[in-house]
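Please read the structure below before turning to the comments.
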Amino acid sequence: MEKPVLSALLTAAMLCHASTAVAEVNYKIVTASERGTYIKIGRDLAQFVAPAADIKLDVLPSAGSAENVKLLRYEPGVKLALVQSDVYQSFLDVAAGGNSAARALIRPLRVIMPLYNEEIYFIARADSERNFIHDIKNAKLNAGESGSGTALTSTTLYRQMFNEAMPDSTSYLSNEEALAKLVTDKTLDVVAVVAGQPAKLLVDMKPESRKLIKLLKFDPSHASSEAVLKTYFPATVRASNYPSLLAADIPGLAVKAFLVTYDFQLRDTESHLRGMARSLCQNFSQLKEKGHPKWGEVELALPELGRGWIYYAPTARELRSCVAETARPAATVKSRQPARMCSQQERILGLCP
């Protein structure tokens with residue numbers, strides 16, 4: 001074969017390999033409503049993280065965490081989801097009641113990393129005698145849209161506080177519909193909303209809103225609070241985020257938001273998700289500087305998870321490796337420390353870097 005022909009073939013092969021190596025894939029991430037925090041977090045990932053991983057990430061609104069689990073399992077192209085940390089407990093409760101579909105849905109769920117706390121708001125009319133979250137017992141409640149993370153959270157929290165299910169009169173309307181009923185025809189007493197602060201729904205309210213509605217406080221000393229704090233976290237709802245509603249900070253509750261995937265085994269999917277994890281680590285400062293304010297609460301770490309949750313091994317290895325590389329220059333000035341031994345669980349799950 002003549003040299004020019006051989007050279008041309010080699011060049012073509014190299015170009016073909018290069019184009020394959022950087023081939024972009026179309027993935028989807030499911031979030032929540034257009035007015036919530038999840039969709040903004042998803043858009044930040046699409047803008048600052050996905051491109052470096054050769055992923056074109058479409059950010060889809062949804063009804064929330066429960067629907068996201070189903071979409072992640074069955075909707076083509078959905079590879080990522082934002083899911084509240086208590087969703088697992090809710091599915092476990094249903095599975096324990098004999099629902100095999102719930103067990104099948106939740107078993108392959110995997111966490112890429114925990115993100116931030118999402119505040120849980122219970123909103124009453126301004127003239128209501130209810131002032132604390134534990135006052136919602138037997139109220140005419142709106143739990144959030146059916147299938148949403150808010151509905152899962154509010155029903156789980158109610159059951160933990162009072163050891164009984166929400167009343168049959170509970171409604172499952174959108175936040176906007178429920179708030180309208182709360183203040184107009186007054187057919188509702190309390191509306192549950194779950195959204196990371198500053199939540200657009202509340203931020204957009206006019207100053208006169210304080211005359212119509214109020215946020216209920218969480219009392220950690222109340223008898224019902226001990227059970228709640230086994231699943232949820234104490235939080236502070238800041239007046240600076242909601243000047244139209246609050247004159248001072250109030251104690252509240254929060255649920256953790258997770259970036260979640262499934263236990264994908266296909267090599268190409270695994271490779272792109274590893275790239276996503278690496279890019280998330282490398283572009284973390286951009287997320288904090290240019291993304292939603294909630295990124296300021298996120299730590300680039302993989303702490304121990306609650307019962308039932310498992311990290312996705314390929315992304316966990318990538319994140320641990322990236323974090324270790326980032327910390328290495330600072331570590332060289334310190335005295336040499338023995339390497340941390342991996343636990344048995346970490347070895348079994350393949351999470352040792």
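Each chain of the structure tokens is named A, B, ... in the order shown, its residues numbered from 1; ligands are numbered from 1 in display order.
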Run DSSP on the backbone and tell me which residues of range 43-208 of chain A come out as helix (DSSP H, G or I); list them as a ChimeraX atom specification.
/A:43-48,50-53,65-74,87-96,100-106,133-136,149-162,175-183,200-203,207-208
Please build the interface table for range 164-223 of chain A against range 79-91 of chain A with a cut-off of 12 Å, listing for each qualifying residue the nearest atom pair and the distance in Å to one decimal; count only C-alpha atoms, order rows by chain and increasing number, and write it as JSON lines.
```
{"residue": "A:Val194", "atom": "CA", "partner": "A:Gln84", "partner_atom": "CA", "distance": 9.8}
{"residue": "A:Ala195", "atom": "CA", "partner": "A:Gln84", "partner_atom": "CA", "distance": 10.5}
{"residue": "A:Gly196", "atom": "CA", "partner": "A:Gln84", "partner_atom": "CA", "distance": 11.2}
```
Write to file, as an mmCIF file, in the first residue's frame, the residues of the selection just made, with all heavy atoms.
```
data_model
loop_
_atom_site.group_PDB
_atom_site.id
_atom_site.type_symbol
_atom_site.label_atom_id
_atom_site.label_comp_id
_atom_site.auth_asym_id
_atom_site.auth_seq_id
_atom_site.Cartn_x
_atom_site.Cartn_y
_atom_site.Cartn_z
ATOM 1 N N VAL A 194 -43.130 21.910 50.061
ATOM 2 C CA VAL A 194 -41.728 21.532 50.278
ATOM 3 C C VAL A 194 -40.899 22.161 49.170
ATOM 4 O O VAL A 194 -41.114 21.879 47.982
ATOM 5 C CB VAL A 194 -41.533 20.006 50.286
ATOM 6 C CG1 VAL A 194 -40.047 19.654 50.458
ATOM 7 C CG2 VAL A 194 -42.359 19.362 51.397
ATOM 8 N N ALA A 195 -39.960 23.022 49.544
ATOM 9 C CA ALA A 195 -39.093 23.692 48.561
ATOM 10 C C ALA A 195 -37.908 24.304 49.279
ATOM 11 O O ALA A 195 -38.053 24.861 50.373
ATOM 12 C CB ALA A 195 -39.864 24.776 47.807
ATOM 13 N N GLY A 196 -36.747 24.200 48.668
ATOM 14 C CA GLY A 196 -35.557 24.800 49.248
ATOM 15 C C GLY A 196 -35.650 26.321 49.248
ATOM 16 O O GLY A 196 -36.061 26.916 48.262
#
```
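For the residues A:Asp44, A:Asp54, A:Asp168, A:Asp93, ranking by smallest atom-to-atom distance to Leu152 in chain A using only C-alpha atoms places A:Asp93 first.
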My list of candidates is A:Val111, A:Val237, A:Leu182, A:Ile55. Which is closest to Gly306 in chain A when distances are computed with only C-alpha atoms?
A:Val111
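For Tyr311 in chain A, the residues within 8 Å (counting only C-alpha atoms, excluding itself and residues fewer than 3 positions away along the chain) are Arg110, Val111, Ile112, Met113 and Ala316 of chain A.
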Go ahead and save the picked residues with all heavy atoms, as a compact mmCIF listing (two decimals), in the first residue's frame.
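again-v4.txt, freshly written:
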```txt
# COMPACT_ATOMS: atom_id res chain seq x y z
N ARG A 110 -30.17 4.38 43.26
CA ARG A 110 -28.79 4.64 43.72
C ARG A 110 -28.55 6.14 43.84
O ARG A 110 -29.05 6.92 43.03
CB ARG A 110 -27.77 4.04 42.75
CG ARG A 110 -27.81 2.52 42.62
CD ARG A 110 -27.34 1.83 43.88
NE ARG A 110 -27.31 0.39 43.76
CZ ARG A 110 -28.31 -0.43 44.08
NH1 ARG A 110 -29.45 0.08 44.55
NH2 ARG A 110 -28.19 -1.73 43.95
N VAL A 111 -27.79 6.53 44.83
CA VAL A 111 -27.49 7.94 45.08
C VAL A 111 -26.15 8.30 44.43
O VAL A 111 -25.16 7.58 44.59
CB VAL A 111 -27.42 8.23 46.60
CG1 VAL A 111 -27.02 9.68 46.86
CG2 VAL A 111 -28.76 7.93 47.25
N ILE A 112 -26.12 9.41 43.70
CA ILE A 112 -24.84 9.95 43.23
C ILE A 112 -24.22 10.79 44.33
O ILE A 112 -23.05 10.60 44.68
CB ILE A 112 -25.03 10.77 41.95
CG1 ILE A 112 -25.43 9.83 40.79
CG2 ILE A 112 -23.76 11.55 41.58
CD1 ILE A 112 -25.65 10.50 39.47
N MET A 113 -24.99 11.72 44.90
CA MET A 113 -24.52 12.43 46.10
C MET A 113 -25.68 13.16 46.76
O MET A 113 -26.65 13.54 46.09
CB MET A 113 -23.39 13.41 45.76
CG MET A 113 -23.78 14.61 44.94
SD MET A 113 -22.38 15.73 44.65
CE MET A 113 -22.19 16.48 46.27
N ALA A 316 -19.43 7.02 42.69
CA ALA A 316 -18.82 7.18 44.02
C ALA A 316 -17.30 7.07 43.93
O ALA A 316 -16.57 7.86 44.54
CB ALA A 316 -19.38 6.13 44.98
```
For Trp295 in chain A, the closest of A:Ser65, A:Ser171, A:Gln197, A:Asn138 counting only C-alpha atoms is A:Gln197
Contacts of Val203 in chain A within 9 Å, only C-alpha atoms, excl. fewer than 4 positions in-chain, as JSON, numbers by chain:
{"A": [197, 198, 199, 241, 242, 243, 244, 245]}
Restricted to all heavy atoms, what would the selected residues look like written as a PDB file, in the first residue's frame?
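Generated output (selection-v7.pdb):
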```
ATOM      1  N   GLN A 197     -35.269  26.909  50.379  1.00  0.00           N
ATOM      2  CA  GLN A 197     -35.333  28.368  50.427  1.00  0.00           C
ATOM      3  C   GLN A 197     -34.102  28.994  49.759  1.00  0.00           C
ATOM      4  O   GLN A 197     -33.013  28.425  49.842  1.00  0.00           O
ATOM      5  CB  GLN A 197     -35.488  28.843  51.872  1.00  0.00           C
ATOM      6  CG  GLN A 197     -34.338  28.500  52.813  1.00  0.00           C
ATOM      7  CD  GLN A 197     -34.547  29.032  54.218  1.00  0.00           C
ATOM      8  OE1 GLN A 197     -35.114  30.088  54.439  1.00  0.00           O
ATOM      9  NE2 GLN A 197     -34.081  28.269  55.198  1.00  0.00           N
ATOM     10  N   PRO A 198     -34.275  30.105  49.059  1.00  0.00           N
ATOM     11  CA  PRO A 198     -35.519  30.843  48.859  1.00  0.00           C
ATOM     12  C   PRO A 198     -36.402  30.191  47.806  1.00  0.00           C
ATOM     13  O   PRO A 198     -35.964  29.990  46.677  1.00  0.00           O
ATOM     14  CB  PRO A 198     -35.029  32.217  48.403  1.00  0.00           C
ATOM     15  CG  PRO A 198     -33.712  31.937  47.718  1.00  0.00           C
ATOM     16  CD  PRO A 198     -33.106  30.781  48.453  1.00  0.00           C
ATOM     17  N   ALA A 199     -37.635  29.825  48.189  1.00  0.00           N
ATOM     18  CA  ALA A 199     -38.582  29.176  47.285  1.00  0.00           C
ATOM     19  C   ALA A 199     -39.332  30.245  46.496  1.00  0.00           C
ATOM     20  O   ALA A 199     -39.921  31.153  47.084  1.00  0.00           O
ATOM     21  CB  ALA A 199     -39.560  28.320  48.080  1.00  0.00           C
ATOM     22  N   ASN A 241     -35.071  35.717  53.477  1.00  0.00           N
ATOM     23  CA  ASN A 241     -35.536  35.094  52.242  1.00  0.00           C
ATOM     24  C   ASN A 241     -36.992  35.435  51.932  1.00  0.00           C
ATOM     25  O   ASN A 241     -37.398  35.428  50.767  1.00  0.00           O
ATOM     26  CB  ASN A 241     -35.395  33.569  52.333  1.00  0.00           C
ATOM     27  CG  ASN A 241     -33.960  33.112  52.199  1.00  0.00           C
ATOM     28  OD1 ASN A 241     -33.185  33.707  51.461  1.00  0.00           O
ATOM     29  ND2 ASN A 241     -33.591  32.064  52.923  1.00  0.00           N
ATOM     30  N   TYR A 242     -37.776  35.708  52.982  1.00  0.00           N
ATOM     31  CA  TYR A 242     -39.205  35.942  52.802  1.00  0.00           C
ATOM     32  C   TYR A 242     -39.656  37.194  53.564  1.00  0.00           C
ATOM     33  O   TYR A 242     -40.469  37.113  54.498  1.00  0.00           O
ATOM     34  CB  TYR A 242     -40.000  34.718  53.279  1.00  0.00           C
ATOM     35  CG  TYR A 242     -39.539  33.422  52.667  1.00  0.00           C
ATOM     36  CD1 TYR A 242     -39.069  32.371  53.456  1.00  0.00           C
ATOM     37  CD2 TYR A 242     -39.551  33.247  51.283  1.00  0.00           C
ATOM     38  CE1 TYR A 242     -38.644  31.178  52.889  1.00  0.00           C
ATOM     39  CE2 TYR A 242     -39.121  32.056  50.707  1.00  0.00           C
ATOM     40  CZ  TYR A 242     -38.665  31.031  51.517  1.00  0.00           C
ATOM     41  OH  TYR A 242     -38.243  29.858  50.950  1.00  0.00           O
ATOM     42  N   PRO A 243     -39.135  38.346  53.195  1.00  0.00           N
ATOM     43  CA  PRO A 243     -39.492  39.577  53.928  1.00  0.00           C
ATOM     44  C   PRO A 243     -40.973  39.921  53.861  1.00  0.00           C
ATOM     45  O   PRO A 243     -41.476  40.622  54.735  1.00  0.00           O
ATOM     46  CB  PRO A 243     -38.631  40.645  53.243  1.00  0.00           C
ATOM     47  CG  PRO A 243     -38.305  40.081  51.893  1.00  0.00           C
ATOM     48  CD  PRO A 243     -38.205  38.610  52.089  1.00  0.00           C
ATOM     49  N   SER A 244     -41.678  39.420  52.838  1.00  0.00           N
ATOM     50  CA  SER A 244     -43.110  39.698  52.738  1.00  0.00           C
ATOM     51  C   SER A 244     -43.928  38.874  53.727  1.00  0.00           C
ATOM     52  O   SER A 244     -45.085  39.204  54.011  1.00  0.00           O
ATOM     53  CB  SER A 244     -43.613  39.420  51.314  1.00  0.00           C
ATOM     54  OG  SER A 244     -43.020  40.297  50.387  1.00  0.00           O
ATOM     55  N   LEU A 245     -43.328  37.796  54.262  1.00  0.00           N
ATOM     56  CA  LEU A 245     -44.056  36.901  55.151  1.00  0.00           C
ATOM     57  C   LEU A 245     -43.552  36.912  56.587  1.00  0.00           C
ATOM     58  O   LEU A 245     -44.332  36.715  57.526  1.00  0.00           O
ATOM     59  CB  LEU A 245     -43.973  35.460  54.625  1.00  0.00           C
ATOM     60  CG  LEU A 245     -44.759  35.122  53.349  1.00  0.00           C
ATOM     61  CD1 LEU A 245     -44.471  33.686  52.932  1.00  0.00           C
ATOM     62  CD2 LEU A 245     -46.244  35.313  53.576  1.00  0.00           C
TER      63      LEU A 245
END
```
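Counting from CA of Glu176 in chain A, the distance to CA of Val30 in chain A is 21.0 Å.
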Would you mind listing, for every residue of range 190-245 of chain A within 6 Å of range 118-133 of chain A, the two atoms forming the shortest contact and the distance between them in Å to one decimal, using only C-alpha atoms, sorted by chain and ascending residue number, as a tab-separated table?
```
residue	atom	partner	partner_atom	distance
A:Val190	CA	A:Ala124	CA	4.7
A:Val191	CA	A:Ile123	CA	5.1
A:Ala192	CA	A:Phe122	CA	4.6
A:Val193	CA	A:Tyr121	CA	5.1
A:Val194	CA	A:Ile120	CA	4.6
A:Ala195	CA	A:Glu118	CA	5.3
A:Gly196	CA	A:Glu118	CA	4.1
A:Lys211	CA	A:Ala126	CA	6.0
A:Leu212	CA	A:Ala126	CA	5.0
A:Ile213	CA	A:Ala126	CA	4.2
A:Lys214	CA	A:Ala126	CA	5.1
A:Leu215	CA	A:Ile123	CA	4.7
A:Leu216	CA	A:Phe132	CA	4.8
A:Lys217	CA	A:Phe132	CA	4.6
A:Phe218	CA	A:Ile133	CA	5.5
```
Which residues are close to Ala151 in chain A, i.e. within 9 Å by only C-alpha atoms, leaving aside same-chain residues fewer than 6 positions away? Reply as a list in words.
Gly64, Ala66, Asn142, Ala143, Gly144, Glu145, Tyr172, Ala192, Val193 and Val194 of chain A
Counting only C-alpha atoms, which residue out of A:Thr315, A:Asn117, A:Arg43, A:Ile29 sits closest to Met276 in chain A?
A:Thr315
Residue nearest Arg307 in chain A among A:Lys230, A:Ala165, A:Thr170, A:Leu319 (counting only C-alpha atoms):
A:Lys230
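Going from CA of Pro108 in chain A to CA of Tyr74 in chain A covers 12.4 Å.
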Just how far from CA of Ala50 in chain A is CA of Ser271 in chain A, in Å to one decimal?
12.9 Å
At a cut-off of 12 Å, using only C-alpha atoms, what residues contact Gly296 in chain A? Leave out same-chain residues fewer than 6 positions from it and give the result as a VMD selection string.
chain A and resid 41 115 to 117 196 to 197 284 to 290
